[in-house]
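K.L.:
So that you have it, the file is entry-v6.csv, and it contains CSV, C-alpha atoms:
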```csv
chain,number,residue,atom,x,y,z
A,18,MET,CA,0.0,0.0,0.0
A,19,SER,CA,1.4,3.4,-0.9
A,20,SER,CA,1.2,5.7,2.1
A,21,THR,CA,1.1,8.7,-0.2
A,22,THR,CA,-2.3,7.7,-1.6
A,23,ARG,CA,-4.0,6.6,1.6
A,24,SER,CA,-5.4,8.8,4.3
A,25,ARG,CA,-5.0,6.0,6.9
A,26,ARG,CA,-1.6,4.4,7.1
A,27,VAL,CA,-1.3,1.0,8.8
A,28,LEU,CA,1.0,1.1,11.8
A,29,ALA,CA,1.2,-2.6,12.4
A,30,VAL,CA,-0.2,-5.7,10.7
A,31,SER,CA,-0.5,-9.3,11.7
A,32,LEU,CA,1.1,-11.8,9.3
A,33,ALA,CA,-2.0,-13.9,9.3
A,34,GLY,CA,-4.1,-11.1,8.1
A,35,VAL,CA,-2.8,-11.5,4.5
A,36,ALA,CA,-3.3,-15.2,4.2
A,37,ALA,CA,-6.1,-16.3,1.9
A,38,LEU,CA,-8.5,-19.3,2.3
A,39,VAL,CA,-12.2,-19.8,2.1
A,40,LEU,CA,-15.2,-19.5,4.4
A,41,SER,CA,-18.1,-17.3,3.8
A,42,GLY,CA,-21.4,-16.0,5.2
A,43,CYS,CA,-22.7,-14.3,8.3
A,44,SER,CA,-23.8,-16.5,11.2
A,45,ASP,CA,-25.6,-15.9,14.4
A,46,SER,CA,-23.2,-16.9,17.1
A,47,GLY,CA,-25.5,-15.8,19.8
A,48,GLU,CA,-24.8,-19.1,21.6
A,49,ALA,CA,-21.4,-17.6,22.4
A,50,GLY,CA,-23.1,-15.2,24.7
A,51,SER,CA,-24.9,-15.7,28.0
A,52,GLY,CA,-27.3,-13.7,30.2
A,53,ASP,CA,-29.6,-11.4,28.4
A,54,GLY,CA,-27.1,-10.4,25.7
A,55,ALA,CA,-27.6,-6.7,26.5
A,56,THR,CA,-24.4,-5.9,24.5
A,57,SER,CA,-24.1,-7.4,21.0
A,58,LEU,CA,-20.9,-7.6,19.1
A,59,GLY,CA,-20.3,-8.3,15.4
A,60,PHE,CA,-17.1,-10.1,14.5
A,61,VAL,CA,-16.0,-9.9,10.9
A,62,ASN,CA,-13.1,-12.4,10.3
A,63,GLY,CA,-10.8,-12.3,7.3
A,64,ALA,CA,-10.3,-15.9,6.2
A,65,ASN,CA,-10.1,-19.5,7.4
A,66,THR,CA,-6.5,-20.1,8.1
A,67,HIS,CA,-5.4,-21.7,11.4
A,68,PHE,CA,-4.8,-18.2,12.7
A,69,HIS,CA,-8.4,-17.1,11.8
A,70,THR,CA,-9.9,-20.2,13.2
A,71,CYS,CA,-8.1,-19.7,16.5
A,72,LEU,CA,-9.0,-16.0,16.5
A,73,LEU,CA,-12.7,-16.9,16.1
A,74,LYS,CA,-12.6,-19.4,18.9
A,75,ALA,CA,-11.1,-16.9,21.2
A,76,VAL,CA,-13.6,-14.2,20.3
A,77,GLU,CA,-16.5,-16.6,20.8
A,78,GLN,CA,-15.3,-18.0,24.1
A,79,THR,CA,-14.5,-14.5,25.6
A,80,ALA,CA,-17.9,-13.1,24.4
A,81,LYS,CA,-19.6,-16.0,26.2
A,82,VAL,CA,-17.7,-15.4,29.4
A,83,LYS,CA,-18.5,-11.7,29.2
A,84,GLY,CA,-22.2,-12.3,28.6
A,85,ALA,CA,-22.2,-10.6,25.2
A,86,LYS,CA,-24.3,-11.7,22.2
A,87,LEU,CA,-22.0,-12.4,19.2
A,88,TYR,CA,-22.7,-12.5,15.5
A,89,SER,CA,-19.8,-13.7,13.2
A,90,ALA,CA,-19.0,-13.5,9.5
A,91,ASN,CA,-16.1,-14.5,7.3
A,92,SER,CA,-14.9,-12.4,4.4
A,93,LYS,CA,-13.0,-15.2,2.6
A,94,GLN,CA,-10.1,-12.8,1.9
A,95,ASP,CA,-12.3,-10.5,-0.2
A,96,ALA,CA,-12.6,-6.8,0.4
A,97,GLY,CA,-16.0,-6.6,-1.2
A,98,THR,CA,-17.3,-9.4,1.0
A,99,GLU,CA,-15.9,-7.7,4.0
A,100,LEU,CA,-17.8,-4.5,3.3
A,101,SER,CA,-21.0,-6.6,2.8
A,102,ASN,CA,-20.4,-8.4,6.1
A,103,ILE,CA,-20.0,-5.0,7.8
A,104,GLU,CA,-23.2,-3.8,6.3
A,105,ASP,CA,-25.0,-6.9,7.5
A,106,MET,CA,-23.7,-6.3,11.0
A,107,ILE,CA,-24.9,-2.7,10.8
A,108,ALA,CA,-28.3,-4.0,9.8
A,109,ARG,CA,-28.3,-6.2,12.9
A,110,ASN,CA,-27.6,-3.0,15.0
A,111,VAL,CA,-24.7,-4.4,16.9
A,112,ASN,CA,-23.2,-2.3,19.6
A,113,ALA,CA,-19.7,-2.6,18.2
A,114,LEU,CA,-17.8,-4.4,15.4
A,115,ILE,CA,-14.6,-6.3,15.8
A,116,VAL,CA,-12.8,-6.6,12.4
A,117,GLN,CA,-9.8,-8.7,11.2
A,118,THR,CA,-9.5,-7.0,7.9
A,119,VAL,CA,-8.6,-8.9,4.7
A,120,ASN,CA,-6.8,-6.0,3.2
A,121,VAL,CA,-5.5,-2.7,4.7
A,122,ASP,CA,-6.8,-0.8,1.8
A,123,ALA,CA,-10.4,-2.0,2.6
A,124,LEU,CA,-10.3,-0.2,6.0
A,125,GLU,CA,-11.1,3.2,4.6
A,126,GLY,CA,-14.6,2.2,3.4
A,127,ASP,CA,-15.2,-0.1,6.3
A,128,ILE,CA,-14.5,2.5,9.0
A,129,THR,CA,-16.5,5.2,7.1
A,130,LYS,CA,-19.5,2.9,6.7
A,131,ALA,CA,-19.6,1.9,10.4
A,132,LYS,CA,-18.9,5.5,11.6
A,133,ASN,CA,-21.8,6.8,9.5
A,134,ALA,CA,-24.0,4.2,11.2
A,135,GLY,CA,-22.8,5.2,14.6
A,136,ILE,CA,-21.2,1.8,15.3
A,137,PRO,CA,-17.7,1.8,16.5
A,138,ILE,CA,-15.0,-0.6,15.1
A,139,TYR,CA,-12.4,-2.4,17.2
A,140,LEU,CA,-9.5,-3.7,14.9
A,141,THR,CA,-7.5,-6.8,15.4
A,142,SER,CA,-3.9,-6.8,14.0
A,143,VAL,CA,-3.9,-3.3,12.6
A,144,ALA,CA,-4.2,0.3,13.8
A,145,THR,CA,-4.8,3.6,12.0
A,146,ASP,CA,-3.2,7.0,12.4
A,147,ASP,CA,-6.4,8.7,13.2
A,148,LEU,CA,-7.5,6.8,16.4
A,149,SER,CA,-10.6,9.0,16.7
A,150,ASP,CA,-12.2,7.0,13.9
A,151,ILE,CA,-11.9,3.6,15.8
A,152,LEU,CA,-12.9,2.3,19.2
A,153,GLY,CA,-9.5,0.6,19.6
A,154,ALA,CA,-7.1,-2.0,18.3
A,155,ALA,CA,-5.1,-5.1,19.4
A,156,VAL,CA,-1.9,-4.8,17.4
A,157,VAL,CA,1.0,-7.0,16.6
A,158,ASP,CA,4.3,-5.0,16.1
A,159,LEU,CA,5.7,-6.8,13.1
A,160,LYS,CA,8.8,-4.7,12.9
A,161,LYS,CA,9.6,-5.9,16.4
A,162,VAL,CA,8.8,-9.5,15.4
A,163,GLY,CA,11.4,-9.3,12.6
A,164,ALA,CA,13.9,-7.6,14.8
A,165,MET,CA,13.6,-10.4,17.5
A,166,ASP,CA,14.4,-13.1,14.9
A,167,ALA,CA,17.4,-11.0,13.7
A,168,GLY,CA,18.6,-10.6,17.3
A,169,TRP,CA,18.6,-14.4,17.6
A,170,ILE,CA,20.8,-14.7,14.5
A,171,GLU,CA,23.2,-12.0,15.8
A,172,LYS,CA,23.6,-13.9,19.1
A,173,ASP,CA,24.0,-17.3,17.4
A,174,ALA,CA,26.5,-16.1,14.7
A,175,ALA,CA,28.6,-14.6,17.5
A,176,GLY,CA,30.4,-12.0,15.3
A,177,LYS,CA,31.1,-14.3,12.3
A,178,GLN,CA,30.5,-13.3,8.8
A,179,VAL,CA,27.3,-15.1,7.7
A,180,GLN,CA,24.9,-15.3,4.7
A,181,VAL,CA,21.2,-14.9,5.2
A,182,GLY,CA,18.3,-15.8,2.9
A,183,VAL,CA,14.8,-14.3,3.3
A,184,VAL,CA,11.6,-16.0,2.2
A,185,ALA,CA,9.1,-13.2,2.5
A,186,GLY,CA,5.3,-13.3,2.4
A,187,ALA,CA,3.2,-11.5,-0.2
A,188,PRO,CA,4.4,-8.1,-1.2
A,189,GLY,CA,2.5,-5.5,0.9
A,190,ALA,CA,2.2,-4.0,4.3
A,191,ALA,CA,2.4,-7.1,6.5
A,192,SER,CA,5.4,-8.8,4.9
A,193,ASP,CA,7.1,-5.5,4.2
A,194,LEU,CA,7.0,-4.5,7.9
A,195,LEU,CA,8.1,-7.9,9.0
A,196,VAL,CA,11.1,-8.2,6.6
A,197,GLY,CA,12.0,-4.5,7.1
A,198,GLY,CA,12.2,-5.0,10.8
A,199,PHE,CA,14.3,-8.1,10.3
A,200,LYS,CA,16.8,-6.6,7.9
A,201,ALA,CA,17.2,-3.4,9.9
A,202,ALA,CA,18.1,-5.3,13.0
A,203,LEU,CA,20.7,-7.7,11.5
A,204,PRO,CA,24.3,-7.0,12.5
A,205,ALA,CA,26.7,-5.7,9.8
A,206,THR,CA,28.4,-9.2,9.7
A,207,ALA,CA,25.2,-10.8,8.4
A,208,LYS,CA,24.6,-10.3,4.7
A,209,VAL,CA,21.2,-10.8,3.1
A,210,VAL,CA,22.1,-12.6,-0.2
A,211,ALA,CA,18.6,-13.5,-1.3
A,212,ASN,CA,15.1,-12.0,-0.6
A,213,GLN,CA,12.2,-13.5,-2.5
A,214,PRO,CA,8.4,-13.7,-1.7
A,215,GLY,CA,6.9,-17.1,-0.8
A,216,MET,CA,3.4,-15.5,-1.1
A,217,PHE,CA,2.5,-17.2,2.3
A,218,ASN,CA,2.1,-20.3,0.2
A,219,PRO,CA,4.1,-23.5,1.2
A,220,ALA,CA,4.4,-24.8,-2.3
A,221,LYS,CA,5.7,-21.4,-3.6
A,222,ALA,CA,8.0,-21.1,-0.6
A,223,GLN,CA,9.5,-24.5,-1.3
A,224,ASP,CA,10.2,-23.5,-4.9
A,225,VAL,CA,11.9,-20.3,-3.7
A,226,ALA,CA,14.0,-22.2,-1.2
A,227,GLU,CA,15.1,-24.8,-3.8
A,228,ASN,CA,16.3,-22.0,-6.1
A,229,MET,CA,17.9,-20.1,-3.2
A,230,ILE,CA,20.0,-22.9,-1.9
A,231,GLN,CA,21.2,-23.7,-5.5
A,232,ALA,CA,22.3,-20.1,-6.0
A,233,HIS,CA,23.7,-19.8,-2.4
A,234,PRO,CA,25.1,-23.2,-1.3
A,235,ASP,CA,27.0,-21.5,1.6
A,236,LEU,CA,23.8,-20.1,3.2
A,237,ASP,CA,23.9,-20.0,7.0
A,238,TYR,CA,20.5,-18.8,8.0
A,239,ALA,CA,17.0,-18.2,6.6
A,240,PHE,CA,14.2,-16.0,7.8
A,241,VAL,CA,10.8,-17.2,6.7
A,242,ALA,CA,7.7,-15.0,7.1
A,243,ASN,CA,5.5,-17.7,8.7
A,244,GLU,CA,5.9,-21.2,10.0
A,245,GLU,CA,3.7,-22.9,7.4
A,246,MET,CA,6.2,-21.7,4.8
A,247,ALA,CA,9.1,-22.5,7.0
A,248,PHE,CA,8.3,-26.2,7.1
A,249,ALA,CA,8.4,-26.2,3.3
A,250,VAL,CA,11.6,-24.3,3.2
A,251,ARG,CA,13.1,-26.8,5.7
A,252,LYS,CA,12.1,-29.7,3.4
A,253,ALA,CA,13.7,-28.0,0.4
A,254,PHE,CA,17.0,-27.3,2.2
A,255,ASP,CA,17.2,-30.8,3.7
A,256,ALA,CA,16.6,-32.4,0.2
A,257,ALA,CA,19.4,-30.3,-1.1
A,258,GLY,CA,21.8,-31.4,1.6
A,259,ALA,CA,21.6,-28.1,3.5
A,260,LYS,CA,20.5,-29.4,6.8
A,261,ASP,CA,22.8,-27.0,8.6
A,262,VAL,CA,21.0,-23.9,7.5
A,263,LYS,CA,19.2,-22.5,10.5
A,264,ILE,CA,15.7,-21.3,10.0
A,265,VAL,CA,13.9,-18.6,12.1
A,266,SER,CA,10.2,-17.8,11.6
A,267,VAL,CA,7.0,-16.3,13.0
A,268,ASN,CA,3.7,-17.3,14.6
A,269,GLY,CA,4.1,-19.6,17.6
A,270,THR,CA,1.6,-22.2,16.5
A,271,GLU,CA,1.5,-25.6,18.2
A,272,GLU,CA,3.3,-27.1,15.2
A,273,GLY,CA,5.8,-24.3,15.2
A,274,ILE,CA,6.7,-24.7,18.8
A,275,ALA,CA,7.0,-28.5,18.3
A,276,ALA,CA,9.4,-27.8,15.4
A,277,VAL,CA,11.6,-25.6,17.6
A,278,GLN,CA,11.7,-28.3,20.2
A,279,ALA,CA,12.7,-30.9,17.6
A,280,GLY,CA,15.3,-28.6,16.1
A,281,THR,CA,13.5,-28.3,12.7
A,282,LEU,CA,13.3,-24.6,13.3
A,283,SER,CA,15.9,-22.7,15.4
A,284,ALA,CA,13.6,-20.0,16.7
A,285,THR,CA,10.1,-18.5,16.2
A,286,VAL,CA,8.4,-15.4,17.5
A,287,ALA,CA,5.1,-16.3,19.1
A,288,ASN,CA,2.1,-13.9,18.9
A,289,SER,CA,-0.9,-15.7,20.2
A,290,ALA,CA,-4.2,-15.7,18.2
A,291,MET,CA,-5.9,-16.6,21.4
A,292,THR,CA,-4.5,-13.5,23.1
A,293,ILE,CA,-5.5,-11.3,20.2
A,294,GLY,CA,-9.1,-12.5,20.3
A,295,GLN,CA,-9.5,-12.3,24.1
A,296,THR,CA,-8.0,-8.8,24.1
A,297,ALA,CA,-10.3,-7.6,21.3
A,298,VAL,CA,-13.5,-8.6,23.1
A,299,GLU,CA,-12.4,-7.5,26.6
A,300,LYS,CA,-11.1,-4.1,25.5
A,301,ALA,CA,-14.0,-3.4,23.1
A,302,LEU,CA,-16.5,-4.1,25.9
A,303,ALA,CA,-14.6,-2.0,28.4
A,304,LEU,CA,-14.2,0.9,26.0
A,305,LEU,CA,-17.9,0.7,25.1
A,306,ALA,CA,-18.8,0.9,28.8
A,307,ASP,CA,-16.7,3.8,30.0
A,308,LYS,CA,-14.8,5.2,26.9
A,309,LYS,CA,-11.7,5.2,29.1
A,310,GLY,CA,-8.4,3.3,28.9
A,311,ASP,CA,-5.8,3.0,26.2
A,312,LYS,CA,-7.2,2.4,22.7
A,313,ILE,CA,-4.1,0.5,21.5
A,314,SER,CA,-3.2,-2.8,23.1
A,315,ASN,CA,0.1,-4.3,21.9
A,316,VAL,CA,0.0,-8.1,21.7
A,317,PRO,CA,2.8,-9.7,23.8
A,318,LEU,CA,5.6,-11.2,21.7
A,319,THR,CA,7.9,-14.1,22.8
A,320,LEU,CA,11.0,-15.3,21.1
A,321,VAL,CA,10.8,-19.1,21.4
A,322,THR,CA,14.0,-21.2,21.2
A,323,LYS,CA,14.8,-24.7,22.3
A,324,ASP,CA,15.7,-23.3,25.7
A,325,ASN,CA,12.3,-21.8,26.6
A,326,VAL,CA,9.7,-23.8,24.7
A,327,ALA,CA,7.9,-24.5,28.0
A,328,GLN,CA,7.2,-20.7,28.3
A,329,ALA,CA,5.6,-20.4,24.8
A,330,PRO,CA,2.2,-18.8,25.1
A,331,GLN,CA,-0.9,-20.9,24.1
A,332,TYR,CA,-1.7,-20.1,20.5
A,333,CYS,CA,-5.2,-21.5,20.1
A,334,PRO,CA,-8.1,-22.0,22.6
A,335,LYS,CA,-9.0,-25.5,23.4
```
The structure in this file should be written as structure tokens.
P.N.:
Amino acid sequence: MSSTTRSRRVLAVSLAGVAALVLSGCSDSGEAGSGDGATSLGFVNGANTHFHTCLLKAVEQTAKVKGAKLYSANSKQDAGTELSNIEDMIARNVNALIVQTVNVDALEGDITKAKNAGIPIYLTSVATDDLSDILGAAVVDLKKVGAMDAGWIEKDAAGKQVQVGVVAGAPGAASDLLVGGFKAALPATAKVVANQPGMFNPAKAQDVAENMIQAHPDLDYAFVANEEMAFAVRKAFDAAGAKDVKIVSVNGTEEGIAAVQAGTLSATVANSAMTIGQTAVEKALALLADKKGDKISNVPLTLVTKDNVAQAPQYCPK
């Protein structure tokens, strides 16, 4: 997204917000609430990846605990469907909307539509410059995520000259923030010799990794923009006889933490989908009630290595 052509610039974006899979329609999730459902929330999710599924579970469970009535919809990674879902929530006259946007460019119309209807929006994963337009946001600082992985490489390399490959996500705000934070935090002794997009697609990431290791057989480290791609990159490197290349990644899923414990991945930065969902509901309800408190909640980040896997946060609700 070009910041010169947008009136609202994204400050931070979750990796998972750009992944694309399918689930559609708006459903009455009122069973997630209890009591008289005096407060109703609409949750517009972005897709049906593991992240989005875990996010929905957390929103549903927290709404139930808080006694709020919940309606949910999925935009199947389509900006037009997202706006239609928001219009449907407006028609239901919900008290507030929680939105995991499919595309940062879509936020302009979404926020305007909800604001004109007098329904505040609480964002997950992103925040806007003009906070007066939103109720609040639970944000993942992706620049910091990338920097934390770079810090692990700096410590592990211990001053040696090393070669680093980057398998990015899809070109755009999320991947750009993540990779930018990573590259900016690398030590001068670490040279990025390849940087190609894996499009948040394991098959594409595997192709990229195969070409990367052929072009750079002396590669020491690889930074991969999410764990699903990282597993495919690991497979490609191992098949090429490059088992010594150390991979760092992002998410902190159950599979990702297990891979760190097994040594398949060297490190990952955990940002819990469960925590994002819980925070969104709790903060939205609190801000609706008294309009006080901080609008922006930064989601905790944990660098997970083999030494501290037991401290990794839970990623998905049971």
K.L.:
Got a sec: who's within 8 Å of Leu100 of chain A, counting all atoms listed in the file, leaving out chain neighbours fewer than 3 positions off, as a VMD selection string?
P.N.:
chain A and resid 96 to 97 103 to 104 123 126 to 127
K.L.:
Please determine, counting all atoms listed in the file, which residue among A:Gly258, A:Gly59, A:Gly135, A:Pro334 has the shortest atom-to-atom distance to Met106 of chain A.
P.N.:
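Looking at the shortest contact to Met106 of chain A, the residue is A:Gly59.
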K.L.:
So that I can see what lies close to Ala279 of chain A, please list as a ChimeraX atom specification the residues with an atom at most 12 Å from it, counting all atoms listed in the file and leaving out residues fewer than 5 positions away in the same chain.
P.N.:
/A:272-274,284,322-324,326
K.L.:
Counting only C-alpha atoms, which of A:Ile107, A:Val116, A:Ala327, A:Ala80 gets nearest to Ala64 of chain A?
P.N.:
A:Val116
K.L.:
For atom CA of Pro214 of chain A and atom CA of Thr319 of chain A, determine how far apart the two atoms are, in Å to one decimal place.
P.N.:
24.5 Å
K.L.:
So the first atom is atom CA of Asp95 of chain A and the second is atom CA of Asn112 of chain A; what is the distance between them in Å, to one decimal place?
P.N.:
24.0 Å
K.L.:
Which residues are close to Ser57 of chain A, i.e. within 6 Å by only C-alpha atoms, leaving aside same-chain residues fewer than 6 positions away? Reply as a ChimeraX atom specification.
P.N.:
/A:85-87,111-112
K.L.:
Restricting the output to C-alpha atoms, write the selected residues as a PDB file, in the coordinates of the input.
P.N.:
```pdb
ATOM      1  CA  ALA A  85     -22.200 -10.600  25.200  1.00  0.00           C
ATOM      2  CA  LYS A  86     -24.300 -11.700  22.200  1.00  0.00           C
ATOM      3  CA  LEU A  87     -22.000 -12.400  19.200  1.00  0.00           C
ATOM      4  CA  VAL A 111     -24.700  -4.400  16.900  1.00  0.00           C
ATOM      5  CA  ASN A 112     -23.200  -2.300  19.600  1.00  0.00           C
TER       6      ASN A 112
END
```
K.L.:
Would you write out, as CSV, a table of all residues in segment 42-153 of chain A that have an atom no more than 10 Å from an atom of segment 180-199 of chain A, listing for each the closest atom pair and the distance in Å to one decimal, considering all atoms listed in the file and ordering rows by chain and rising residue number?
P.N.:
```
residue,atom,partner,partner_atom,distance
A:Asn120,CA,A:Ala190,CA,9.3
A:Val121,CA,A:Ala190,CA,7.8
A:Asp122,CA,A:Ala190,CA,9.9
A:Ser142,CA,A:Ala191,CA,9.8
A:Val143,CA,A:Ala191,CA,9.6
```
K.L.:
My list of candidates is A:His233, A:Ala167, A:Gln223, A:Asn91. Which is closest to Ala205 of chain A when distances are computed with only C-alpha atoms?
P.N.:
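Residue with the minimum atom-to-atom distance to Ala205 of chain A: A:Ala167.
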K.L.:
Have a look at A:Ala275, A:Val225, A:Ala257, A:Ala202 and name the one nearest to Asn325 of chain A; count only C-alpha atoms.
P.N.:
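Among the listed residues, A:Ala275 lies closest to Asn325 of chain A.
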K.L.:
What separation in Å, quoted to one decimal, exists between atom CA of Leu140 of chain A and atom CA of Ala201 of chain A?
P.N.:
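Rounded to one decimal, the two atoms are 27.2 Å apart.
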K.L.:
Which is closer to Pro219 of chain A than all the others in A:Asp158, A:Ala249, A:Val241, A:Leu203, using only C-alpha atoms?
P.N.:
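Among the listed residues, the smallest separation from Pro219 of chain A belongs to A:Ala249.
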K.L.:
If we count only C-alpha atoms, what is near Pro330 of chain A at a cut-off of 12 Å, once residues fewer than 4 positions away on the same chain are taken out, given as a list in words?
P.N.:
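Selected residues are Asn268, Gly269, Thr270, Glu271, Gly273, Ile274, Thr285, Val286, Ala287, Asn288, Ser289, Ala290, Met291, Thr292, Ile293, Val316, Pro317, Leu318, Thr319, Leu320, Val321, Asn325, Val326 and Pro334 of chain A.
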K.L.:
Considering only C-alpha atoms, can you say which of A:Ile138, A:Ala175, A:Ala75, A:Leu282 comes closest to Ala154 of chain A?
P.N.:
A:Ile138
K.L.:
Assuming 6 Å of padding per side, give the centre and edge lengths of the axis-aligned box around every listed atom of segment 210-228 of chain A, in Å to one decimal and as AutoDock Vina command-line options.
P.N.:
```
--center_x 12.1 --center_y -18.4 --center_z -1.9 --size_x 32.0 --size_y 24.8 --size_z 20.4
```
K.L.:
Mind checking which residues fall within 8 Å of segment 260-267 of chain A, counting all atoms listed in the file, ignoring those fewer than 6 positions away in the same chain, and posting them as a PyMOL selection string?
P.N.:
chain A and resi 162+166+236-244+247+251+254+281-287
